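What's in input-v9.txt: compact mmCIF, C-alpha atoms
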```
# COMPACT_ATOMS: atom_id res chain seq x y z
CA MET A 245 113.03 156.40 109.93
CA MET A 246 109.43 155.39 109.31
CA ASN A 247 107.61 153.99 112.31
CA PHE A 248 104.82 151.46 111.89
CA SER A 249 102.01 151.06 114.32
CA TRP A 250 101.04 147.56 115.38
CA LYS A 251 98.20 147.69 112.86
CA ASP A 252 100.58 148.65 110.04
CA TYR A 253 102.93 145.81 111.02
CA ARG A 254 100.17 143.27 110.68
CA THR A 255 99.11 144.71 107.32
CA VAL A 256 102.62 144.29 105.92
CA CYS A 257 102.77 140.68 107.11
CA LEU A 258 99.37 139.90 105.61
CA LEU A 259 100.41 141.45 102.29
CA LEU A 260 103.55 139.31 102.25
CA ALA A 261 101.48 136.23 103.04
CA VAL A 262 99.10 137.04 100.16
CA LEU A 263 102.05 137.51 97.79
CA ALA A 264 103.50 134.15 98.88
CA MET A 265 100.13 132.48 98.28
CA GLY A 266 100.06 134.04 94.83
CA VAL A 267 103.37 132.35 94.07
CA LEU A 268 101.78 128.99 94.91
CA PHE A 269 99.22 129.39 92.13
CA ALA A 270 102.07 129.93 89.66
CA ARG A 271 103.25 126.36 90.51
CA PRO A 272 106.98 127.17 90.70
CA ALA A 273 109.35 124.31 89.88
CA GLU A 274 113.04 123.79 89.38
CA GLU A 275 115.02 121.01 87.78
CA GLN A 276 116.56 118.66 90.29
CA GLU A 277 118.54 115.45 89.91
CA ARG A 278 116.54 112.62 91.44
CA PRO A 279 116.53 108.83 91.25
CA VAL A 280 113.78 107.42 89.07
CA TYR A 281 113.00 103.82 88.15
CA ASN A 282 112.12 101.84 85.04
CA LEU A 283 110.37 98.69 86.24
CA THR A 284 108.61 95.88 84.41
CA PHE A 285 106.39 93.81 86.69
CA ILE A 286 105.79 90.21 85.64
CA VAL A 287 102.99 88.62 87.70
CA ASP A 288 102.47 84.87 88.09
CA ILE A 289 98.80 84.09 87.35
CA THR A 290 98.97 80.30 87.62
CA ARG A 291 96.36 78.55 89.77
CA SER A 292 98.49 78.22 92.89
CA MET A 293 98.32 82.03 93.09
CA ASN A 294 94.65 81.58 94.05
CA ALA A 295 95.69 79.99 97.36
CA ALA A 296 94.35 82.21 100.15
CA ASP A 297 97.25 82.38 102.60
CA SER A 298 97.83 86.14 102.52
CA THR A 299 96.22 88.71 104.78
CA GLN A 300 94.92 92.14 103.80
CA ASP A 301 92.97 94.44 106.12
CA GLY A 302 92.51 91.60 108.59
CA ARG A 303 91.02 89.12 106.13
CA ALA A 304 92.43 86.24 104.13
CA VAL A 305 92.94 86.93 100.43
CA SER A 306 94.49 85.04 97.55
CA ARG A 307 98.14 85.54 96.71
CA LEU A 308 97.15 87.17 93.43
CA GLU A 309 94.83 89.67 95.13
CA PHE A 310 97.57 90.42 97.65
CA VAL A 311 100.03 91.10 94.83
CA LYS A 312 97.57 93.36 93.01
CA ARG A 313 96.78 95.39 96.13
CA ASN A 314 100.45 95.94 96.94
CA LEU A 315 101.36 96.83 93.36
CA ARG A 316 98.60 99.44 93.30
CA ASP A 317 99.82 100.85 96.62
CA LEU A 318 103.37 100.90 95.25
CA LEU A 319 102.43 103.17 92.34
CA VAL A 320 101.94 106.20 94.60
CA LYS A 321 105.32 105.58 96.24
CA LEU A 322 107.32 105.74 93.02
CA PRO A 323 108.73 109.17 92.07
CA CYS A 324 107.31 110.91 89.02
CA GLN A 325 109.23 110.26 85.78
CA SER A 326 109.55 106.63 86.84
CA ARG A 327 108.18 104.16 84.29
CA VAL A 328 106.17 101.00 84.90
CA GLY A 329 105.46 98.12 82.54
CA LEU A 330 103.24 95.11 83.20
CA GLY A 331 103.29 91.49 82.08
CA LEU A 332 101.92 88.08 83.05
CA PHE A 333 103.49 84.65 83.51
CA THR A 334 101.98 81.22 83.10
CA GLU A 335 103.09 77.90 81.61
CA ARG A 336 106.70 78.47 80.44
CA ARG A 337 106.68 82.02 79.19
CA SER A 338 105.70 85.58 79.96
CA THR A 339 103.91 88.15 77.86
CA LEU A 340 103.88 91.94 78.16
CA LEU A 341 100.57 93.75 78.50
CA PHE A 342 102.29 97.08 77.92
CA GLU A 343 105.77 98.56 77.78
CA PRO A 344 106.90 100.83 80.66
CA ILE A 345 105.05 104.15 80.74
CA GLU A 346 105.41 107.19 83.01
CA VAL A 347 103.82 106.45 86.37
CA CYS A 348 102.33 109.84 87.29
CA GLY A 349 100.87 110.85 83.93
CA SER A 350 99.52 107.33 83.33
CA TYR A 351 98.62 106.43 86.91
CA ALA A 352 94.94 105.77 86.23
CA GLU A 353 95.69 103.47 83.28
CA ILE A 354 98.38 101.49 85.13
CA ASP A 355 96.22 101.16 88.24
CA ALA A 356 93.23 99.96 86.19
CA ALA A 357 95.37 97.40 84.34
CA ILE A 358 96.72 95.95 87.59
CA ALA A 359 93.22 95.82 89.08
CA GLN A 360 91.99 93.76 86.11
CA ILE A 361 94.65 91.03 86.36
CA ASP A 362 92.88 87.69 86.72
CA TRP A 363 93.96 84.04 86.79
CA ARG A 364 91.53 83.40 83.92
CA MET A 365 93.94 85.24 81.63
CA ALA A 366 96.24 82.19 81.75
CA TRP A 367 96.72 80.55 78.36
CA ALA A 368 97.84 77.20 79.84
CA ALA A 369 97.32 75.37 83.12
CA ASP A 370 100.82 74.20 84.04
CA SER A 371 103.79 76.28 85.23
CA ASN A 372 107.55 76.04 85.03
CA ILE A 373 109.02 78.96 86.96
CA ALA A 374 112.60 78.49 85.78
CA GLN A 375 111.59 78.36 82.12
CA GLY A 376 109.28 81.33 82.61
CA LEU A 377 112.05 83.35 84.22
CA MET A 378 114.41 82.41 81.39
CA ASN A 379 111.84 83.51 78.83
CA THR A 380 111.32 86.78 80.69
CA LEU A 381 115.04 87.59 80.77
CA GLU A 382 115.38 86.77 77.07
CA MET A 383 112.45 89.07 76.31
CA LEU A 384 113.82 91.99 78.35
CA GLN A 385 117.57 91.65 77.84
CA HIS A 386 117.75 94.38 75.19
CA ARG A 387 115.48 96.80 77.02
CA ASP A 388 116.41 99.38 79.62
CA GLY A 389 115.18 99.03 83.15
CA SER A 390 114.73 96.29 85.72
CA VAL A 391 112.42 93.30 85.97
CA VAL A 392 110.31 92.46 89.03
CA PHE A 393 109.24 88.80 88.71
CA ILE A 394 106.49 88.02 91.24
CA THR A 395 105.65 84.38 91.96
CA ASP A 396 105.08 81.80 94.69
CA GLY A 397 107.57 79.40 93.07
CA HIS A 398 105.01 76.56 92.88
CA GLU A 399 105.45 74.48 89.73
CA ALA A 400 103.00 72.00 88.23
CA PRO A 401 104.13 69.42 87.55
CA PRO A 402 107.46 69.59 89.44
CA PRO A 403 110.08 69.93 86.68
CA ASN A 404 112.70 67.33 85.98
CA PRO A 405 115.95 68.71 87.51
CA ARG A 406 117.87 67.26 84.57
CA TYR A 407 116.30 69.90 82.30
CA ARG A 408 116.61 73.00 84.45
CA PRO A 409 117.61 75.93 82.19
CA ASP A 410 121.12 77.36 82.22
CA PHE A 411 121.10 81.09 83.00
CA SER A 412 124.83 81.65 82.48
CA ALA A 413 124.40 83.34 79.07
CA LEU A 414 121.87 85.81 80.50
CA LYS A 415 123.33 86.34 83.96
CA GLY A 416 123.99 90.03 84.56
CA LYS A 417 122.31 91.21 81.35
CA VAL A 418 119.06 92.11 83.09
CA LYS A 419 118.84 93.80 86.48
CA GLY A 420 115.98 92.96 88.71
CA ILE A 421 114.48 91.04 91.56
CA ILE A 422 112.39 87.95 92.18
CA VAL A 423 109.62 88.68 94.67
CA GLY A 424 108.23 85.67 96.53
CA VAL A 425 104.61 85.69 97.66
CA GLY A 426 102.70 83.28 99.91
CA GLY A 427 103.07 81.59 103.25
CA LEU A 428 105.62 78.97 104.21
CA THR A 429 102.93 76.51 105.33
CA ALA A 430 101.32 74.52 102.52
CA VAL A 431 97.62 75.23 101.95
CA PRO A 432 95.01 73.82 99.53
CA ILE A 433 94.74 75.23 96.01
CA PRO A 434 91.19 76.30 95.09
CA LYS A 435 89.51 74.62 92.16
CA PHE A 436 87.06 76.36 89.80
CA ASP A 437 84.51 75.01 87.36
CA SER A 438 84.14 75.89 83.67
CA ARG A 439 82.23 79.06 84.60
CA GLY A 440 84.94 80.23 86.97
CA GLU A 441 82.89 79.44 90.07
CA PRO A 442 84.56 77.90 93.18
CA ALA A 443 84.43 74.10 93.12
CA GLY A 444 86.34 73.03 96.21
CA TYR A 445 90.05 72.30 96.28
CA TYR A 446 92.46 70.16 94.32
CA THR A 447 93.14 66.73 95.78
CA ALA A 448 96.16 64.45 95.48
CA ASP A 449 94.46 62.60 92.61
CA ASP A 450 93.90 65.81 90.61
CA VAL A 451 97.51 66.79 90.00
CA PRO A 452 100.75 65.14 88.80
CA HIS A 453 103.34 64.72 91.54
CA ARG A 454 106.36 64.38 89.27
CA SER A 455 107.40 65.20 85.75
CA SER A 456 107.38 62.46 83.14
CA PHE A 457 109.21 64.55 80.57
CA GLY A 458 112.43 63.36 79.02
CA GLU A 459 114.92 61.08 80.69
CA SER A 460 114.59 60.31 84.38
CA ASN A 461 117.15 61.83 86.71
CA LEU A 462 117.01 58.75 88.98
CA ASP A 463 119.10 55.58 88.91
CA PRO A 464 117.13 53.02 86.82
CA SER A 465 117.77 50.37 89.48
CA GLN A 466 115.80 52.50 91.94
CA ILE A 467 112.78 52.92 89.66
CA GLU A 468 110.02 50.36 90.11
CA GLY A 469 108.82 48.99 86.76
CA TYR A 470 111.55 50.79 84.82
CA ASN A 471 111.65 50.32 81.05
CA ALA A 472 114.04 52.45 79.03
CA ARG A 473 111.63 52.95 76.15
CA ASN A 474 108.12 52.49 77.53
CA ALA A 475 108.42 53.44 81.21
CA PRO A 476 111.57 55.48 81.89
CA PHE A 477 109.95 56.77 85.09
CA GLY A 478 108.62 53.38 86.13
CA SER A 479 105.12 51.99 86.46
CA ALA A 480 104.46 52.68 90.16
CA LYS A 481 101.83 55.21 91.11
CA VAL A 482 103.41 58.39 92.45
CA THR A 483 101.89 60.10 95.46
CA GLY A 484 102.84 63.44 96.92
CA SER A 485 101.60 66.80 98.17
CA GLU A 486 101.64 68.86 94.98
CA HIS A 487 97.93 69.59 95.49
CA LEU A 488 99.06 71.81 98.37
CA SER A 489 101.02 74.99 97.83
CA ALA A 490 103.46 77.16 99.80
CA LEU A 491 106.07 79.75 98.98
CA HIS A 492 109.09 77.90 97.59
CA GLU A 493 111.51 80.46 98.95
CA THR A 494 114.72 78.42 98.82
CA TYR A 495 114.05 77.50 95.20
CA LEU A 496 113.42 81.14 94.24
CA GLU A 497 116.59 82.22 96.00
CA GLU A 498 118.50 79.64 93.95
CA LEU A 499 116.96 80.92 90.73
CA ALA A 500 117.77 84.51 91.67
CA LEU A 501 121.39 83.60 92.33
CA ALA A 502 121.67 81.68 89.06
CA ALA A 503 120.14 84.55 87.04
CA GLY A 504 122.06 87.35 88.76
CA LEU A 505 118.94 88.82 90.35
CA ARG A 506 118.02 89.75 93.90
CA TYR A 507 115.33 88.11 95.98
CA ALA A 508 112.80 89.54 98.44
CA ARG A 509 109.60 88.29 100.05
CA LEU A 510 106.44 90.34 99.63
CA SER A 511 105.06 91.38 103.01
CA ASP A 512 103.53 94.82 102.32
CA ALA A 513 103.77 97.82 100.00
CA GLU A 514 106.45 99.48 102.13
CA ALA A 515 108.72 96.45 101.89
CA LEU A 516 108.03 96.15 98.16
CA ALA A 517 108.85 99.83 97.60
CA GLU A 518 112.12 99.39 99.47
CA ALA A 519 112.96 96.24 97.49
CA VAL A 520 112.41 97.75 94.03
CA GLN A 521 113.88 101.19 94.78
CA ARG A 522 117.38 99.90 95.35
CA PRO A 523 120.29 102.12 94.24
CA GLU A 524 121.36 99.68 91.52
CA PHE A 525 117.89 99.91 89.93
CA ALA A 526 117.82 103.73 90.00
CA LEU A 527 118.41 106.06 87.07
CA THR A 528 119.52 109.59 87.89
CA LYS A 529 117.43 112.04 85.92
CA LYS A 530 116.74 115.77 85.97
CA VAL A 531 113.10 116.22 86.81
CA ALA A 532 110.95 119.25 87.55
CA GLY A 533 110.83 119.46 91.32
CA ASP A 534 107.93 121.10 93.11
CA VAL A 535 109.25 124.03 95.20
CA ARG A 536 105.89 125.34 96.46
CA ARG A 537 106.80 124.25 99.96
CA GLN A 538 109.00 127.30 100.51
CA PRO A 539 106.43 130.02 99.70
CA ALA A 540 103.77 128.03 101.56
CA LEU A 541 105.91 127.93 104.70
CA PHE A 542 106.68 131.65 104.30
CA ALA A 543 102.97 132.47 104.05
CA LEU A 544 102.30 130.38 107.15
CA LEU A 545 105.08 132.16 109.02
CA MET A 546 103.71 135.60 108.12
CA THR A 547 100.25 134.56 109.27
CA VAL A 548 101.61 133.27 112.57
CA ILE A 549 103.54 136.52 113.13
CA VAL A 550 100.34 138.47 112.58
CA TYR A 551 98.15 136.52 114.98
CA TRP A 552 100.57 135.07 117.51
CA PRO A 553 101.13 138.24 119.59
CA PHE A 554 97.39 138.90 119.47
CA GLY A 555 96.79 135.39 120.68
CA LEU A 556 99.23 135.87 123.55
CA ARG A 557 97.49 139.10 124.50
CA ARG A 558 94.09 137.41 124.58
CA LEU A 559 95.53 134.55 126.63
CA LYS A 560 97.10 136.99 129.07
CA ASN A 561 93.83 138.91 129.43
CA ALA A 562 91.90 135.66 129.95
CA LEU A 563 94.30 134.55 132.69
CA LEU A 564 94.06 137.96 134.38
CA SER A 565 90.26 137.79 134.25
CA ILE A 566 90.29 134.34 135.82
CA ARG A 567 92.67 135.54 138.50
CA ARG A 568 90.44 138.50 139.35
CA LYS A 569 87.40 136.24 139.60
CA VAL A 570 89.24 133.81 141.86
CA VAL A 571 90.51 136.60 144.09
CA GLY A 572 87.03 138.19 144.26
CA TYR A 573 85.41 134.87 145.14
CA ALA A 574 88.00 134.25 147.87
CA ALA A 575 87.42 137.74 149.32
CA ARG A 576 83.65 137.20 149.49
CA THR A 577 83.94 133.87 151.26
CA LEU A 578 86.32 135.07 153.97
```
Target encoding structure tokens, full file:
Amino acid sequence: MMNFSWKDYRTVCLLLAVLAMGVLFARPAEEQERPVYNLTFIVDITRSMNAADSTQDGRAVSRLEFVKRNLRDLLVKLPCQSRVGLGLFTERRSTLLFEPIEVCGSYAEIDAAIAQIDWRMAWAADSNIAQGLMNTLEMLQHRDGSVVFITDGHEAPPPNPRYRPDFSALKGKVKGIIVGVGGLTAVPIPKFDSRGEPAGYYTADDVPHRSSFGESNLDPSQIEGYNARNAPFGSAKVTGSEHLSALHETYLEELALAAGLRYARLSDAEALAEAVQRPEFALTKKVAGDVRRQPALFALLMTVIVYWPFGLRRLKNALLSIRRKVVGYAARTL
């Protein structure tokens, strides 16, 4: 039986550690079944999303900036082979900027696209969330994956309830979630001039406080100045608080229920990752899994075996040296 000296023992361990490190450079991988996700993010870019009632790094930011920051943070939390698409909502419809693409290989492009989202991209000033959600589901109903519709639920002008869209034909055809953003306390909506520079805030006189589309949903006897042809909504001036904006959470929950979607409020990237990585949104796929952890741990173990006893020996010698010094000092002082 061959006997190794302590020096030989350490040499063998170091050789094994070097071999394990060599395996790391070969980037070993094996196919593993893992959940991946196919998500299309639709972001509300209407003007109420400029309301600064969100907090990031201890400072107040607009809802849109808060959404962008959390979407960018979410990208690194999604498993490779997941796919991400991006679209925008304003007025009554959504449009896709790009179809879902693989998140790891296209990370830089997706991140840059999210960073460049701006409210100035809006093609119209008003917003009807229900109609926009309907349009989004119609657009995505024949595609694979799930939709993540991000909005504060603020509509301008407030839609006539008589004409709320019927989601029954689309219910269950598209999986996904409505993500609400914003605070529950109403705050002013920033106003900008023609150059995009801040110009104060909207006032009650700047915005409509009710819809004048179609037939009124109120009893004509209760409408001041009602005229069936010329003034179906009456002649009285309408006042309200539509120049202020808050998260319309109850309304979004109702829309989610009607459309067969889930609802969640955006608080941070961790909560968003948990909301969109639900089991019902996952697709099981064989992906190349990184198995470099095993040889790396083995190399670390071999290195520890080499130096650990030596470290104990040095510690023991140091303690003995301290003991001798203490004993010698005590002997001299007695």
**Request:** Mind giving me the straight-line distance from atom CA of A:Thr290 to atom CA of A:Glu346 in Å, one decimal?
**Result:** 28.0 Å
**Item:** Exercise: A:Leu505 partners within 8 Å, all atoms listed in the file, chain neighbours under 2 positions left out, as a list in words
**Value:**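 Residues near the query, excluding close chain neighbours: Gly416, Val418, Lys419, Gly420, Ile421, Ile422, Ala500, Leu501, Ala502, Ala503 and Tyr507 of chain A.
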Could the residues in this selection be saved with C-alpha atoms as a PDB file, in the coordinates of the input?
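Written output follows (again30.pdb):
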```pdb
ATOM      1  CA  GLY A 416     123.990  90.030  84.560  1.00  0.00           C
ATOM      2  CA  VAL A 418     119.060  92.110  83.090  1.00  0.00           C
ATOM      3  CA  LYS A 419     118.840  93.800  86.480  1.00  0.00           C
ATOM      4  CA  GLY A 420     115.980  92.960  88.710  1.00  0.00           C
ATOM      5  CA  ILE A 421     114.480  91.040  91.560  1.00  0.00           C
ATOM      6  CA  ILE A 422     112.390  87.950  92.180  1.00  0.00           C
ATOM      7  CA  ALA A 500     117.770  84.510  91.670  1.00  0.00           C
ATOM      8  CA  LEU A 501     121.390  83.600  92.330  1.00  0.00           C
ATOM      9  CA  ALA A 502     121.670  81.680  89.060  1.00  0.00           C
ATOM     10  CA  ALA A 503     120.140  84.550  87.040  1.00  0.00           C
ATOM     11  CA  TYR A 507     115.330  88.110  95.980  1.00  0.00           C
TER      12      TYR A 507
END
```
**Message:** Between A:Ile358, A:Ala540, A:Ala448, A:Leu384, which residue has the minimum interatomic distance to A:Lys417, considering all atoms listed in the file?
**Reply:**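 Closest to A:Lys417, using all atoms listed in the file: A:Leu384.
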**Item:** Residue neighbourhood A:Lys529, 7 Å, all atoms listed in the file, exclusion window fewer than 4 positions, as a PyMOL selection string
**Value:** chain A and resi 277-280
**Asked** Which is closer to A:Gly426 than all the others in A:Ala296, A:Val320, A:Leu330, A:Ile286, using all atoms listed in the file?
**Response**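 That would be A:Ala296, the residue with the smallest distance to A:Gly426.
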May I have the centre and edge lengths, in Å to one decimal, of an axis-aligned box around the listed atoms of stretch 437-443 of chain A with 6 Å added to every side, as JSON?
```
{"center_x": 83.6, "center_y": 77.2, "center_z": 88.4, "size_x": 14.7, "size_y": 18.1, "size_z": 21.5}
```
**Atomic separation - atom CA of A:Ser511 relative to atom CA of A:Glu486, Å** = 24.2 Å
**Prompt:** Of the residues A:Glu441, A:Asp396, A:Glu524, A:Asp512, which is the one nearest to A:Tyr495, using only C-alpha atoms?
**Reply:** A:Asp396
**Message:** Between atom CA of A:Leu491 and atom CA of A:Thr447, what is the distance in Å, rounded to a tenth?
**Reply:**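 Between atom CA of A:Leu491 and atom CA of A:Thr447 the gap works out to 18.6 Å.
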**Message:** Set the distance at 10 Å and use all atoms listed in the file: which residues neighbour A:Ala261 once local chain neighbours fewer than 6 positions away are removed? I'd like the list as JSON, numbers by chain.
**Reply:** {"A": [255, 267, 539, 540, 541, 542, 543, 544, 545, 546, 547, 548, 550]}
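Contact shell of A:Glu309 at 12 Å (all atoms listed in the file; same-chain neighbours under 5 positions omitted): Val287, Asp288, Ile289, Met293, Asn294, Ala295, Ala296, Asp297, Ser298, Thr299, Gln300, Arg303, Ala304, Asn314, Leu315, Arg316, Ile358, Ala359, Gln360, Ile361, Asp362, Trp363, Val425 and Gly426 of chain A.
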**Item:** Neighbour list for A:Pro344 as a list in words, cut-off 12 Å, all atoms listed in the file, skip fewer than 6 positions in-chain
**Value:**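 Final neighbour list, sorted by chain and number: Tyr281, Asn282, Leu283, Thr284, Phe285, Ile286, Gln325, Ser326, Arg327, Val328, Gly329, Leu330, Gly331, Ser350, Tyr351, Glu353, Ile354, Leu384, Arg387, Asp388, Gly389, Ser390 and Val391 of chain A.
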**Item:** Distance criterion (all atoms listed in the file): nearest to A:His487 out of A:Ala443, A:Leu516, A:Val431, A:Ala369
**Value:**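 Of the candidates, the smallest distance to A:His487 is held by A:Val431.
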**Message:** Given all atoms listed in the file as the basis, pick out the residue of A:Cys257, A:Leu488, A:Ala366, A:Val347 nearest to A:Asp449.
**Reply:**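 Once distances to A:Asp449 are computed over all atoms listed in the file, the minimum belongs to A:Leu488.
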Would you mind completing stretch 496-509 of chain A so that it carries N, CA and C atoms, and writing it out as an mmCIF file, keeping the file's coordinate frame?
```cif
data_model
loop_
_atom_site.group_PDB
_atom_site.id
_atom_site.type_symbol
_atom_site.label_atom_id
_atom_site.label_comp_id
_atom_site.auth_asym_id
_atom_site.auth_seq_id
_atom_site.Cartn_x
_atom_site.Cartn_y
_atom_site.Cartn_z
ATOM 1 N N LEU A 496 113.366 79.828 94.882
ATOM 2 C CA LEU A 496 113.420 81.140 94.240
ATOM 3 C C LEU A 496 114.738 81.844 94.515
ATOM 4 N N GLU A 497 115.278 81.658 95.703
ATOM 5 C CA GLU A 497 116.590 82.220 96.000
ATOM 6 C C GLU A 497 117.669 81.608 95.111
ATOM 7 N N GLU A 498 117.549 80.309 94.849
ATOM 8 C CA GLU A 498 118.500 79.640 93.950
ATOM 9 C C GLU A 498 118.382 80.188 92.530
ATOM 10 N N LEU A 499 117.161 80.377 92.070
ATOM 11 C CA LEU A 499 116.960 80.920 90.730
ATOM 12 C C LEU A 499 117.502 82.345 90.631
ATOM 13 N N ALA A 500 117.266 83.139 91.669
ATOM 14 C CA ALA A 500 117.770 84.510 91.670
ATOM 15 C C ALA A 500 119.291 84.541 91.589
ATOM 16 N N LEU A 501 119.926 83.677 92.350
ATOM 17 C CA LEU A 501 121.390 83.600 92.330
ATOM 18 C C LEU A 501 121.890 83.172 90.959
ATOM 19 N N ALA A 502 121.238 82.187 90.366
ATOM 20 C CA ALA A 502 121.670 81.680 89.060
ATOM 21 C C ALA A 502 121.491 82.733 87.963
ATOM 22 N N ALA A 503 120.445 83.563 88.081
ATOM 23 C CA ALA A 503 120.140 84.550 87.040
ATOM 24 C C ALA A 503 120.756 85.909 87.320
ATOM 25 N N GLY A 504 121.461 86.062 88.436
ATOM 26 C CA GLY A 504 122.060 87.350 88.760
ATOM 27 C C GLY A 504 121.052 88.386 89.217
ATOM 28 N N LEU A 505 119.981 87.921 89.845
ATOM 29 C CA LEU A 505 118.940 88.820 90.350
ATOM 30 C C LEU A 505 118.960 88.825 91.875
ATOM 31 N N ARG A 506 118.206 89.740 92.449
ATOM 32 C CA ARG A 506 118.020 89.750 93.900
ATOM 33 C C ARG A 506 116.725 89.025 94.239
ATOM 34 N N TYR A 507 116.565 88.744 95.526
ATOM 35 C CA TYR A 507 115.330 88.110 95.980
ATOM 36 C C TYR A 507 114.790 88.850 97.190
ATOM 37 N N ALA A 508 113.466 88.953 97.266
ATOM 38 C CA ALA A 508 112.800 89.540 98.440
ATOM 39 C C ALA A 508 111.439 88.895 98.582
ATOM 40 N N ARG A 509 110.950 88.807 99.820
ATOM 41 C CA ARG A 509 109.600 88.290 100.050
ATOM 42 C C ARG A 509 108.624 89.450 100.179
#
```
